[in-house]
>>> print(open('data26.txt').read())   # compact mmCIF, C-alpha atoms
# COMPACT_ATOMS: atom_id res chain seq x y z
CA MET D 1 -19.04 -72.10 6.53
CA ALA D 2 -22.46 -73.35 5.67
CA GLU D 3 -24.66 -71.01 3.74
CA LEU D 4 -27.63 -69.64 5.67
CA PHE D 5 -29.69 -69.10 2.55
CA PRO D 6 -29.87 -70.78 -0.85
CA LYS D 7 -27.80 -69.18 -3.60
CA ASP D 8 -30.83 -68.23 -5.60
CA THR D 9 -32.47 -66.38 -2.67
CA VAL D 10 -33.44 -62.82 -3.61
CA PHE D 11 -33.88 -60.36 -0.72
CA SER D 12 -35.66 -57.08 -0.67
CA VAL D 13 -33.73 -54.19 0.85
CA THR D 14 -36.14 -54.20 3.76
CA ASN D 15 -35.79 -57.93 4.38
CA LEU D 16 -31.99 -57.75 4.30
CA THR D 17 -31.91 -54.75 6.56
CA PHE D 18 -34.21 -56.38 9.09
CA LEU D 19 -32.09 -59.53 9.04
CA ILE D 20 -28.93 -57.48 9.66
CA ARG D 21 -30.74 -55.58 12.43
CA ASP D 22 -31.87 -58.77 14.13
CA LEU D 23 -28.37 -60.23 13.84
CA LEU D 24 -26.57 -57.15 15.21
CA GLU D 25 -29.10 -56.25 17.86
CA GLY D 26 -29.32 -59.85 19.04
CA THR D 27 -25.55 -60.29 19.13
CA PHE D 28 -24.44 -56.90 20.53
CA SER D 29 -27.22 -56.15 22.99
CA ASN D 30 -25.08 -55.11 25.95
CA ILE D 31 -21.49 -54.20 25.15
CA THR D 32 -18.91 -51.79 26.50
CA LEU D 33 -17.11 -49.64 23.97
CA GLU D 34 -14.16 -47.30 24.42
CA GLY D 35 -13.38 -44.46 22.07
CA GLU D 36 -12.97 -40.73 21.53
CA ILE D 37 -15.93 -38.37 21.16
CA SER D 38 -16.06 -36.44 17.90
CA ASN D 39 -18.65 -34.19 16.25
CA TYR D 40 -20.62 -33.83 19.49
CA ARG D 41 -24.13 -32.44 18.78
CA PRO D 42 -26.45 -31.92 21.78
CA ASN D 43 -30.10 -31.69 20.77
CA ALA D 44 -32.57 -29.13 22.12
CA SER D 45 -34.71 -31.99 23.36
CA GLY D 46 -31.86 -33.21 25.57
CA HIS D 47 -30.66 -36.11 23.39
CA MET D 48 -26.94 -36.35 22.60
CA TYR D 49 -25.61 -37.31 19.18
CA PHE D 50 -21.92 -37.84 18.48
CA THR D 51 -19.35 -40.15 16.92
CA LEU D 52 -17.13 -42.60 18.78
CA LYS D 53 -13.83 -43.26 17.04
CA ASP D 54 -10.34 -44.62 17.40
CA GLU D 55 -7.34 -44.64 15.06
CA ASN D 56 -8.95 -46.82 12.38
CA ALA D 57 -12.74 -46.70 12.64
CA GLN D 58 -15.75 -44.83 13.91
CA ILE D 59 -19.37 -45.50 14.87
CA SER D 60 -22.36 -43.20 15.32
CA ALA D 61 -23.67 -42.95 18.86
CA VAL D 62 -26.74 -41.57 20.59
CA MET D 63 -27.59 -41.13 24.26
CA PHE D 64 -31.21 -40.25 24.91
CA ARG D 65 -32.32 -37.57 27.36
CA GLY D 66 -33.38 -39.93 30.16
CA LYS D 67 -29.92 -41.49 30.38
CA ALA D 68 -28.03 -38.29 29.54
CA MET D 69 -29.50 -36.53 32.57
CA SER D 70 -27.58 -38.89 34.87
CA LEU D 71 -24.16 -37.85 33.48
CA SER D 72 -21.83 -36.15 35.96
CA PHE D 73 -19.85 -34.40 33.22
CA VAL D 74 -20.41 -32.51 29.98
CA PRO D 75 -19.17 -34.45 26.93
CA LYS D 76 -16.76 -32.62 24.63
CA ASP D 77 -15.02 -33.36 21.37
CA GLY D 78 -11.74 -35.16 21.95
CA MET D 79 -12.83 -36.64 25.27
CA LYS D 80 -12.03 -40.34 25.67
CA VAL D 81 -14.99 -42.23 27.14
CA LYS D 82 -16.12 -45.74 28.05
CA CYS D 83 -19.70 -46.42 26.96
CA THR D 84 -22.13 -49.25 27.66
CA GLY D 85 -25.05 -49.86 25.32
CA SER D 86 -26.55 -51.84 22.48
CA VAL D 87 -25.99 -51.79 18.75
CA SER D 88 -29.05 -50.70 16.79
CA VAL D 89 -29.85 -50.48 13.10
CA TYR D 90 -31.84 -47.53 11.76
CA ALA D 91 -33.65 -49.25 8.93
CA PRO D 92 -34.83 -46.19 6.90
CA ARG D 93 -31.22 -45.20 6.28
CA GLY D 94 -29.51 -48.53 6.67
CA ASN D 95 -27.20 -47.10 9.31
CA TYR D 96 -26.06 -48.80 12.44
CA GLN D 97 -25.27 -47.03 15.71
CA ILE D 98 -24.78 -47.70 19.36
CA ILE D 99 -27.48 -46.58 21.78
CA ILE D 100 -25.65 -45.69 24.98
CA THR D 101 -27.18 -46.23 28.41
CA LYS D 102 -24.10 -45.51 30.50
CA MET D 103 -21.00 -43.38 29.84
CA GLU D 104 -17.96 -42.45 31.90
CA ILE D 105 -14.68 -40.67 31.23
CA ALA D 106 -11.91 -43.06 30.24
CA GLY D 107 -9.19 -40.42 30.01
CA ALA D 108 -8.56 -37.32 27.93
CA GLY D 109 -8.37 -37.88 24.22
CA ASN D 110 -5.08 -37.41 22.41
CA ILE D 111 -6.19 -34.21 20.66
CA LEU D 112 -7.36 -32.49 23.82
CA GLN D 113 -4.20 -33.53 25.63
CA ILE D 114 -1.99 -32.15 22.87
CA LEU D 115 -3.95 -28.89 22.77
CA GLU D 116 -3.84 -28.49 26.54
CA GLU D 117 -0.07 -29.00 26.60
CA ARG D 118 0.35 -26.52 23.73
CA LYS D 119 -1.89 -24.01 25.49
CA LYS D 120 0.19 -24.17 28.68
CA ARG D 121 3.45 -23.80 26.77
CA LEU D 122 2.31 -20.79 24.73
CA ALA D 123 0.70 -19.19 27.78
CA ALA D 124 4.03 -19.50 29.61
CA GLU D 125 5.60 -17.47 26.77
CA GLY D 126 3.09 -14.68 27.41
CA LEU D 127 1.18 -15.02 24.13
CA PHE D 128 -2.16 -14.93 25.95
CA ASP D 129 -1.40 -12.11 28.44
CA ARG D 130 -4.26 -9.67 28.93
CA ASP D 131 -2.01 -6.62 29.00
CA LYS D 132 -1.01 -7.37 25.40
CA LYS D 133 -4.58 -7.25 24.11
CA LYS D 134 -5.29 -4.38 21.71
CA PRO D 135 -8.61 -2.52 21.80
CA ILE D 136 -11.02 -3.19 18.95
CA PRO D 137 -11.66 0.03 16.96
CA ARG D 138 -15.08 1.49 17.67
CA PHE D 139 -15.56 2.75 14.13
CA SER D 140 -13.73 0.54 11.63
CA LYS D 141 -13.67 1.82 8.05
CA ARG D 142 -12.35 -1.46 6.67
CA ILE D 143 -12.50 -4.97 8.11
CA GLY D 144 -10.49 -7.97 6.95
CA ILE D 145 -11.85 -11.52 6.99
CA VAL D 146 -9.52 -14.52 7.03
CA THR D 147 -11.74 -17.51 6.23
CA SER D 148 -12.87 -19.83 3.47
CA PRO D 149 -14.15 -17.83 0.47
CA THR D 150 -16.91 -20.39 -0.07
CA GLY D 151 -17.99 -21.01 3.52
CA ALA D 152 -21.22 -20.04 5.23
CA ALA D 153 -19.23 -18.01 7.77
CA LEU D 154 -18.19 -15.50 5.10
CA ARG D 155 -21.74 -15.17 3.78
CA ASP D 156 -23.04 -14.51 7.29
CA ILE D 157 -20.39 -11.85 7.97
CA LEU D 158 -21.03 -10.10 4.65
CA GLN D 159 -24.80 -10.09 5.16
CA ILE D 160 -24.54 -8.68 8.68
CA THR D 161 -21.96 -6.07 7.60
CA LYS D 162 -24.17 -4.90 4.74
CA ARG D 163 -27.22 -4.76 6.99
CA ARG D 164 -25.51 -2.92 9.83
CA ASN D 165 -23.37 -0.49 7.86
CA PRO D 166 -23.03 -0.68 4.06
CA GLY D 167 -20.40 2.05 4.23
CA VAL D 168 -17.83 -0.30 5.81
CA ASP D 169 -15.37 -1.81 3.33
CA VAL D 170 -14.59 -5.53 3.51
CA VAL D 171 -11.33 -7.17 2.46
CA ILE D 172 -11.60 -10.94 1.99
CA LEU D 173 -8.37 -12.85 2.65
CA PRO D 174 -9.15 -16.38 1.37
CA ALA D 175 -7.69 -19.28 3.30
CA LEU D 176 -8.14 -23.00 3.79
CA VAL D 177 -9.86 -23.58 7.12
CA GLN D 178 -9.42 -27.33 7.52
CA GLY D 179 -7.18 -30.08 6.28
CA GLU D 180 -3.54 -30.14 5.29
CA GLY D 181 -1.93 -26.75 4.75
CA ALA D 182 -4.83 -24.83 6.30
CA ALA D 183 -2.83 -23.44 9.24
CA GLN D 184 -0.10 -22.13 6.94
CA THR D 185 -2.57 -20.29 4.66
CA ILE D 186 -4.34 -18.75 7.67
CA ALA D 187 -1.01 -17.51 9.07
CA ASN D 188 0.02 -16.17 5.63
CA MET D 189 -3.20 -14.18 5.26
CA ILE D 190 -2.79 -12.63 8.72
CA LYS D 191 0.78 -11.63 7.83
CA THR D 192 -0.33 -10.21 4.46
CA ALA D 193 -2.98 -8.06 6.13
CA ASN D 194 -0.34 -6.64 8.47
CA ASP D 195 2.38 -6.18 5.84
CA PHE D 196 0.11 -4.07 3.64
CA SER D 197 -2.09 -2.52 6.38
CA LEU D 198 -5.17 -3.83 4.59
CA CYS D 199 -7.72 -3.19 7.34
CA ASP D 200 -8.49 -1.71 10.74
CA VAL D 201 -9.53 -5.01 12.32
CA LEU D 202 -9.25 -8.69 11.37
CA ILE D 203 -11.85 -11.43 11.80
CA VAL D 204 -10.16 -14.84 11.76
CA GLY D 205 -12.46 -17.85 11.86
CA ARG D 206 -14.83 -20.34 10.27
CA GLY D 207 -18.17 -22.01 10.88
CA GLY D 208 -18.79 -24.97 13.13
CA GLY D 209 -17.29 -28.41 12.78
CA SER D 210 -15.74 -31.27 14.66
CA LEU D 211 -12.72 -30.81 16.89
CA GLU D 212 -10.53 -32.13 14.08
CA ASP D 213 -12.03 -29.62 11.63
CA LEU D 214 -11.13 -26.74 13.95
CA LEU D 215 -7.55 -27.88 14.59
CA PRO D 216 -5.87 -25.43 12.13
CA PHE D 217 -6.93 -22.54 14.39
CA SER D 218 -5.06 -24.17 17.27
CA GLU D 219 -1.84 -24.73 15.34
CA GLU D 220 1.16 -22.90 16.76
CA ILE D 221 1.88 -21.00 13.54
CA VAL D 222 -1.63 -19.49 13.59
CA VAL D 223 -1.53 -18.66 17.29
CA ARG D 224 1.82 -16.90 16.92
CA SER D 225 0.63 -14.97 13.85
CA ILE D 226 -2.41 -13.69 15.75
CA ALA D 227 -0.33 -12.74 18.79
CA ALA D 228 2.17 -10.87 16.58
CA SER D 229 -0.49 -9.02 14.58
CA LYS D 230 -0.39 -5.23 14.84
CA ILE D 231 -3.97 -5.17 13.57
CA PRO D 232 -6.51 -6.07 16.30
CA VAL D 233 -7.80 -9.62 15.78
CA VAL D 234 -11.21 -11.09 16.61
CA SER D 235 -11.24 -14.89 16.77
CA ALA D 236 -14.53 -16.41 15.57
CA VAL D 237 -14.14 -20.16 15.35
CA GLY D 238 -17.14 -22.47 15.18
CA HIS D 239 -20.11 -22.19 17.49
CA GLU D 240 -20.29 -20.88 21.04
CA ILE D 241 -19.38 -24.25 22.59
CA ASP D 242 -16.36 -24.67 20.28
CA TRP D 243 -12.94 -23.34 21.16
CA ALA D 244 -9.48 -23.03 19.65
CA LEU D 245 -6.15 -21.64 20.83
CA SER D 246 -6.71 -18.69 18.50
CA ASP D 247 -9.41 -17.54 20.96
CA TYR D 248 -6.76 -17.06 23.66
CA ALA D 249 -4.24 -15.27 21.42
CA ALA D 250 -6.78 -12.92 19.79
CA ASP D 251 -7.62 -9.49 21.17
CA MET D 252 -11.27 -10.56 21.42
CA ARG D 253 -13.17 -13.83 21.10
CA ALA D 254 -16.55 -13.97 19.37
CA PRO D 255 -18.79 -17.01 19.90
CA THR D 256 -19.60 -17.21 16.19
CA PRO D 257 -18.53 -15.47 12.94
CA SER D 258 -21.89 -13.68 12.88
CA ALA D 259 -21.29 -12.38 16.40
CA ALA D 260 -17.85 -11.17 15.28
CA ALA D 261 -19.48 -9.07 12.56
CA GLU D 262 -21.89 -7.64 15.15
CA LEU D 263 -18.94 -6.70 17.37
CA VAL D 264 -16.70 -4.98 14.80
CA VAL D 265 -19.30 -3.32 12.54
CA PRO D 266 -21.24 -0.54 14.30
CA LYS D 267 -24.82 -0.02 13.14
CA GLN D 268 -25.11 2.96 10.85
CA THR D 269 -28.36 3.99 12.54
CA ASP D 270 -26.64 3.96 15.93
CA ILE D 271 -23.86 6.16 14.56
CA LEU D 272 -26.34 8.62 13.06
CA GLN D 273 -28.37 8.71 16.26
CA GLY D 274 -25.22 9.28 18.26
CA LEU D 275 -24.14 12.10 15.95
CA ALA D 276 -27.61 13.66 16.21
CA ALA D 277 -27.42 13.49 19.99
CA TYR D 278 -23.96 15.09 19.96
CA LYS D 279 -25.25 17.74 17.57
CA ASP D 280 -28.17 18.60 19.85
CA GLU D 281 -25.93 18.70 22.91
CA PHE D 282 -23.40 20.88 21.09
CA TYR D 283 -26.16 23.21 19.86
CA ASN D 284 -27.61 23.52 23.37
CA GLN D 285 -24.21 24.31 24.84
CA ILE D 286 -23.51 26.98 22.19
CA SER D 287 -26.99 28.48 22.63
CA GLY D 288 -26.51 28.63 26.39
CA ARG D 289 -23.18 30.38 26.00
CA VAL D 290 -24.62 32.85 23.50
CA GLU D 291 -27.45 33.72 25.92
CA ARG D 292 -24.97 34.23 28.75
CA LEU D 293 -22.85 36.47 26.52
CA LYS D 294 -25.93 38.48 25.55
CA LEU D 295 -26.70 39.09 29.21
CA MET D 296 -23.12 40.12 29.82
CA ILE D 297 -23.14 42.50 26.84
CA LYS D 298 -26.48 43.94 27.93
CA SER D 299 -24.94 44.96 31.23
CA PHE D 300 -22.51 47.16 29.27
CA ASP D 301 -25.05 49.61 27.67
CA VAL D 302 -24.75 53.38 28.35
CA SER D 303 -27.12 53.61 31.31
CA ASN D 304 -25.81 50.46 32.95
CA MET D 305 -22.26 51.51 32.29
CA GLU D 306 -22.90 54.91 33.92
CA MET D 307 -24.51 53.26 36.92
CA ARG D 308 -21.69 50.78 37.19
CA PHE D 309 -19.15 53.60 36.83
CA ARG D 310 -20.95 55.61 39.52
CA SER D 311 -21.06 52.60 41.78
CA ILE D 312 -17.32 52.27 41.36
CA GLU D 313 -16.58 56.02 41.41
CA GLN D 314 -18.70 57.04 44.43
CA PRO D 315 -16.85 54.97 47.03
CA LEU D 316 -13.57 56.30 45.68
CA LEU D 317 -14.81 59.91 45.83
CA ASN D 318 -16.01 59.33 49.38
CA ARG D 319 -12.65 57.96 50.31
CA LEU D 320 -10.94 60.95 48.63
CA GLU D 321 -13.18 63.43 50.45
CA ASN D 322 -12.60 61.71 53.74
CA ALA D 323 -8.88 61.71 53.12
CA ARG D 324 -8.93 65.43 52.19
CA SER D 325 -10.92 66.33 55.31
CA SER D 326 -8.62 64.28 57.47
CA LEU D 327 -5.58 65.92 55.87
CA LEU D 328 -6.97 69.46 56.39
CA ASP D 329 -7.95 68.69 59.97
CA GLY D 330 -4.51 67.35 60.61
CA MET D 331 -2.81 70.32 59.03
CA ASN D 332 -4.96 72.81 60.99
CA ALA D 333 -4.27 71.01 64.23
CA LYS D 334 -0.57 71.00 63.45
CA ILE D 335 -0.59 74.73 62.60
CA LYS D 336 -2.48 75.50 65.80
CA ASP D 337 -0.02 73.52 67.89
CA THR D 338 2.93 75.19 66.18
CA LYS D 339 1.38 78.64 66.67
CA ASN D 340 0.88 77.96 70.37
CA GLN D 341 4.45 76.80 70.69
CA ILE D 342 5.69 79.98 68.92
CA GLN D 343 3.57 82.19 71.16
CA GLN D 344 4.90 80.43 74.25
CA SER D 345 8.47 80.86 72.98
CA VAL D 346 7.88 84.57 72.25
CA HIS D 347 6.41 85.05 75.70
CA ILE D 348 9.40 83.34 77.25
CA LEU D 349 11.82 85.38 75.15
CA GLU D 350 10.01 88.64 75.88
CA GLY D 351 10.08 87.89 79.61
CA ALA D 352 13.83 87.34 79.45
CA SER D 353 14.74 90.48 77.40
CA PRO D 354 16.78 93.34 79.15
CA SER D 355 14.14 95.99 78.33
CA ALA D 356 11.48 93.97 80.08
CA ILE D 357 13.72 93.58 83.15
CA LEU D 358 14.51 97.30 83.16
CA SER D 359 10.80 98.14 82.86
CA ARG D 360 10.21 96.37 86.12
CA GLY D 361 12.40 99.00 87.94
CA TYR D 362 15.81 97.56 87.44
CA SER D 363 18.79 99.60 86.10
CA MET D 364 22.07 98.65 84.58
CA VAL D 365 25.24 100.32 86.05
CA ARG D 366 28.39 100.66 83.95
CA THR D 367 31.63 102.64 84.20
CA LEU D 368 32.24 105.18 81.56
CA ASP D 369 34.52 102.75 79.77
CA GLY D 370 31.53 100.36 79.46
CA LYS D 371 32.46 97.90 82.23
CA ILE D 372 29.33 96.53 83.96
CA VAL D 373 29.31 97.06 87.71
CA ARG D 374 27.95 93.96 89.48
CA SER D 375 29.21 94.70 93.01
CA PRO D 376 30.66 97.62 95.02
CA LEU D 377 34.09 96.21 94.44
CA ASP D 378 33.80 96.85 90.70
CA ALA D 379 33.70 100.64 91.25
CA ALA D 380 36.20 102.49 93.49
CA SER D 381 35.25 105.68 95.27
CA GLY D 382 35.06 108.60 92.87
CA THR D 383 34.54 106.42 89.81
CA LYS D 384 32.19 107.97 87.27
CA LEU D 385 29.20 105.76 86.65
CA GLU D 386 26.48 105.59 84.01
CA ILE D 387 23.11 104.30 85.22
CA THR D 388 20.67 103.13 82.58
CA PRO D 389 16.98 102.75 83.75
CA ALA D 390 14.08 101.77 81.48
CA ASN D 391 14.19 105.21 79.89
CA GLY D 392 17.10 107.63 79.62
CA LYS D 393 20.48 107.67 81.45
CA ILE D 394 21.78 108.89 84.79
CA LEU D 395 25.38 109.96 85.50
CA ALA D 396 26.68 109.42 89.01
CA THR D 397 29.90 109.18 91.09
CA ALA D 398 30.66 106.26 93.36
CA ASP D 399 31.35 107.12 97.06
>>> encode(input="data26.txt", output="structure tokens")
Amino acid sequence: MAELFPKDTVFSVTNLTFLIRDLLEGTFSNITLEGEISNYRPNASGHMYFTLKDENAQISAVMFRGKAMSLSFVPKDGMKVKCTGSVSVYAPRGNYQIIITKMEIAGAGNILQILEERKKRLAAEGLFDRDKKKPIPRFSKRIGIVTSPTGAALRDILQITKRRNPGVDVVILPALVQGEGAAQTIANMIKTANDFSLCDVLIVGRGGGSLEDLLPFSEEIVVRSIAASKIPVVSAVGHEIDWALSDYAADMRAPTPSAAAELVVPKQTDILQGLAAYKDEFYNQISGRVERLKLMIKSFDVSNMEMRFRSIEQPLLNRLENARSSLLDGMNAKIKDTKNQIQQSVHILEGASPSAILSRGYSMVRTLDGKIVRSPLDAASGTKLEITPANGKILATAD
């Protein structure tokens, strides 16, 4: 191949960069590229920055706001896409990238497909069931943190914990959070926390990163460790747009590690204000009861007691008097009726007595041997008779 420049040509960095830029931009001005999105970073201005990669290489990519607004989908890490654009060189850094003008989904990336299949399989086992979720303690005395001991996530959690409630103890369970062996160390730390009851609640997570960086938190060994944990677990992996299978297995998902600290560490001022409110409410309730008891006790002084006793006694005395009067009236009426009956009986008996009959002019006739004469046949002629009128006796002889 013929040389484009003499051997003794000396280039400045700028000249060489511009030559490379002209060569690349002139050669690859409208190409279609297929790859997998990684390290997706949407900008507040609307521009999209990410990396396109395959098994052996990667290239930086950018899609500016004007073109990005026409997308019918939201790009995600692991998504396989087909992009059309032009290669550009950013001279100040000597980097080359592809500026994308059109992008469409080419099929799910291998990582997302694997994770989705794993998610469905573990969900079918019941590892993500809502009824298995444990409540997060409202007042945790000690929190455990499974994360990198040198990461920004740990610093954020410690700062927020100290600011919100310095009285809460923190147990750091150091683990690798990316790369080979990370999943195993995360699972080991979760098991250690449970075996020794090291804390009341566990925060398991890390700061943001690419989909590949977050993969340890989607490994089956980590998901099963979280699901089996007797200690409530808060998953705090990456940023709010990131996700991992640990989010589904945990008892609660936090969008960031900082948010996890906010969730599990109650503010000391809030606790004190709550206690003060409970104290005031308790004092008011006790004061109210004391006042009611005072009023009750006041009603039991001597004068009130006498009045209350009279108010109870008087109706009873009235009832007793009424009962006594009714009883006496009844007894008198009964005596009067009985007396009348006796008088009537005496009158009847007196009217039926022999002396009364004799006093009305009747006489009793008997023979001398005492036999009563009731008819002429009872006394033969010449029989001696004794006649007894009301007074005295008369002797006679029957004809």
>>> residues_around(input="data26.txt", residues="range 190-193 of chain D", least_positions_apart="5", cutoff="7 Å", atoms="all atoms listed in the file", output="list in words")
Leu198, Cys199 and Ser225 of chain D
>>> write_last_selection(input="data26.txt", atoms="C-alpha atoms", output="PDB file, keeping the file's coordinate frame")
ATOM      1  CA  LEU D 198      -5.170  -3.830   4.590  1.00  0.00           C
ATOM      2  CA  CYS D 199      -7.720  -3.190   7.340  1.00  0.00           C
ATOM      3  CA  SER D 225       0.630 -14.970  13.850  1.00  0.00           C
TER       4      SER D 225
END
>>> atom_distance(input="data26.txt", atom1="CA of Leu52 in chain D", atom2="CA of Ala68 in chain D")
15.9 Å
>>> atom_distance(input="data26.txt", atom1="CA of Met103 in chain D", atom2="CA of Phe64 in chain D")
11.8 Å
>>> atom_distance(input="data26.txt", atom1="CA of Ser258 in chain D", atom2="CA of Asn39 in chain D")
21.0 Å
>>> residues_around(input="data26.txt", residues="range 44-46 of chain D", least_positions_apart="4", cutoff="10 Å", atoms="only C-alpha atoms", output="MDAnalysis selection string")
chainID D and resid 63:69
>>> residues_around(input="data26.txt", residues="Asn188 in chain D", least_positions_apart="6", cutoff="12 Å", atoms="only C-alpha atoms", output="mmCIF file with C-alpha atoms, keeping the file's coordinate frame")
data_model
loop_
_atom_site.group_PDB
_atom_site.id
_atom_site.type_symbol
_atom_site.label_atom_id
_atom_site.label_comp_id
_atom_site.auth_asym_id
_atom_site.auth_seq_id
_atom_site.Cartn_x
_atom_site.Cartn_y
_atom_site.Cartn_z
ATOM 1 C CA VAL D 146 -9.520 -14.520 7.030
ATOM 2 C CA THR D 147 -11.740 -17.510 6.230
ATOM 3 C CA LEU D 173 -8.370 -12.850 2.650
ATOM 4 C CA PRO D 174 -9.150 -16.380 1.370
ATOM 5 C CA ALA D 175 -7.690 -19.280 3.300
ATOM 6 C CA LEU D 176 -8.140 -23.000 3.790
ATOM 7 C CA GLY D 181 -1.930 -26.750 4.750
ATOM 8 C CA ALA D 182 -4.830 -24.830 6.300
ATOM 9 C CA ASN D 194 -0.340 -6.640 8.470
ATOM 10 C CA ASP D 195 2.380 -6.180 5.840
ATOM 11 C CA VAL D 204 -10.160 -14.840 11.760
ATOM 12 C CA ILE D 221 1.880 -21.000 13.540
ATOM 13 C CA VAL D 222 -1.630 -19.490 13.590
ATOM 14 C CA ARG D 224 1.820 -16.900 16.920
ATOM 15 C CA SER D 225 0.630 -14.970 13.850
ATOM 16 C CA ILE D 226 -2.410 -13.690 15.750
ATOM 17 C CA SER D 229 -0.490 -9.020 14.580
#
>>> residues_around(input="data26.txt", residues="Ile105 in chain D", least_positions_apart="6", cutoff="8 Å", atoms="all atoms listed in the file", output="list in words")
Met79, Lys80, Val81 and Lys82 of chain D
>>> residues_near_point(input="data26.txt", point="(29.8, 102.5, 85.3)", cutoff="9 Å", atoms="all atoms listed in the file", output="list of chain:residue names")
D:Met364, D:Val365, D:Arg366, D:Thr367, D:Leu368, D:Asp369, D:Gly370, D:Lys371, D:Ile372, D:Val373, D:Asp378, D:Ala379, D:Thr383, D:Lys384, D:Leu385, D:Glu386, D:Ile387, D:Leu395, D:Ala396, D:Thr397, D:Ala398
>>> residues_around(input="data26.txt", residues="Tyr49 in chain D", least_positions_apart="4", cutoff="12 Å", atoms="all atoms listed in the file", output="PDB file with C-alpha atoms, keeping the file's coordinate frame")
ATOM      1  CA  ILE D  37     -15.930 -38.370  21.160  1.00  0.00           C
ATOM      2  CA  SER D  38     -16.060 -36.440  17.900  1.00  0.00           C
ATOM      3  CA  ASN D  39     -18.650 -34.190  16.250  1.00  0.00           C
ATOM      4  CA  TYR D  40     -20.620 -33.830  19.490  1.00  0.00           C
ATOM      5  CA  ARG D  41     -24.130 -32.440  18.780  1.00  0.00           C
ATOM      6  CA  PRO D  42     -26.450 -31.920  21.780  1.00  0.00           C
ATOM      7  CA  ASN D  43     -30.100 -31.690  20.770  1.00  0.00           C
ATOM      8  CA  ALA D  44     -32.570 -29.130  22.120  1.00  0.00           C
ATOM      9  CA  SER D  45     -34.710 -31.990  23.360  1.00  0.00           C
ATOM     10  CA  ILE D  59     -19.370 -45.500  14.870  1.00  0.00           C
ATOM     11  CA  SER D  60     -22.360 -43.200  15.320  1.00  0.00           C
ATOM     12  CA  ALA D  61     -23.670 -42.950  18.860  1.00  0.00           C
ATOM     13  CA  VAL D  62     -26.740 -41.570  20.590  1.00  0.00           C
ATOM     14  CA  MET D  63     -27.590 -41.130  24.260  1.00  0.00           C
ATOM     15  CA  PHE D  64     -31.210 -40.250  24.910  1.00  0.00           C
ATOM     16  CA  ARG D  65     -32.320 -37.570  27.360  1.00  0.00           C
ATOM     17  CA  ALA D  68     -28.030 -38.290  29.540  1.00  0.00           C
ATOM     18  CA  PRO D  75     -19.170 -34.450  26.930  1.00  0.00           C
ATOM     19  CA  LYS D  76     -16.760 -32.620  24.630  1.00  0.00           C
ATOM     20  CA  ASP D  77     -15.020 -33.360  21.370  1.00  0.00           C
ATOM     21  CA  GLN D  97     -25.270 -47.030  15.710  1.00  0.00           C
ATOM     22  CA  ILE D  98     -24.780 -47.700  19.360  1.00  0.00           C
ATOM     23  CA  ILE D  99     -27.480 -46.580  21.780  1.00  0.00           C
ATOM     24  CA  ILE D 100     -25.650 -45.690  24.980  1.00  0.00           C
TER      25      ILE D 100
END
>>> closest_residue(input="data26.txt", among="D:Asp329, D:Gly94, D:Gly207, D:Ile136", to="Thr14 in chain D", atoms="all atoms listed in the file")
D:Gly94
>>> closest_residue(input="data26.txt", among="D:Leu19, D:Leu24, D:Leu215, D:Val177", to="Ile111 in chain D", atoms="all atoms listed in the file")
D:Leu215
>>> closest_residue(input="data26.txt", among="D:Val170, D:Val234, D:Val74, D:Ile186", to="Phe217 in chain D", atoms="only C-alpha atoms")
D:Ile186
>>> closest_atom_pairs(input="data26.txt", of="range 199-240 of chain D", to="range 116-130 of chain D", cutoff="10 Å", atoms="all atoms listed in the file", output="tab-separated table")
residue	atom	partner	partner_atom	distance
D:Ser218	CA	D:Arg118	CA	8.7
D:Glu219	CA	D:Arg118	CA	8.9
D:Glu220	CA	D:Arg118	CA	7.9
D:Val223	CA	D:Leu127	CA	8.2
D:Arg224	CA	D:Leu127	CA	7.5
D:Ile226	CA	D:Leu127	CA	9.2
D:Ala227	CA	D:Leu127	CA	6.0
D:Ala228	CA	D:Leu127	CA	8.7
>>> residues_near_point(input="data26.txt", point="(-9.3, -8.3, 15.3)", cutoff="7 Å", atoms="all atoms listed in the file", output="tab-separated table (two decimals) with C-alpha atoms, in the coordinates of the input")
chain	number	residue	atom	x	y	z
D	136	ILE	CA	-11.02	-3.19	18.95
D	201	VAL	CA	-9.53	-5.01	12.32
D	202	LEU	CA	-9.25	-8.69	11.37
D	203	ILE	CA	-11.85	-11.43	11.80
D	231	ILE	CA	-3.97	-5.17	13.57
D	232	PRO	CA	-6.51	-6.07	16.30
D	233	VAL	CA	-7.80	-9.62	15.78
D	234	VAL	CA	-11.21	-11.09	16.61
D	250	ALA	CA	-6.78	-12.92	19.79
D	251	ASP	CA	-7.62	-9.49	21.17
D	252	MET	CA	-11.27	-10.56	21.42
>>> closest_residue(input="data26.txt", among="D:Ser326, D:Ser210, D:Ser235, D:Ser70", to="Ala260 in chain D", atoms="only C-alpha atoms")
D:Ser235
>>> closest_residue(input="data26.txt", among="D:Thr256, D:Thr84, D:Thr101, D:Gln113", to="Asp156 in chain D", atoms="all atoms listed in the file")
D:Thr256
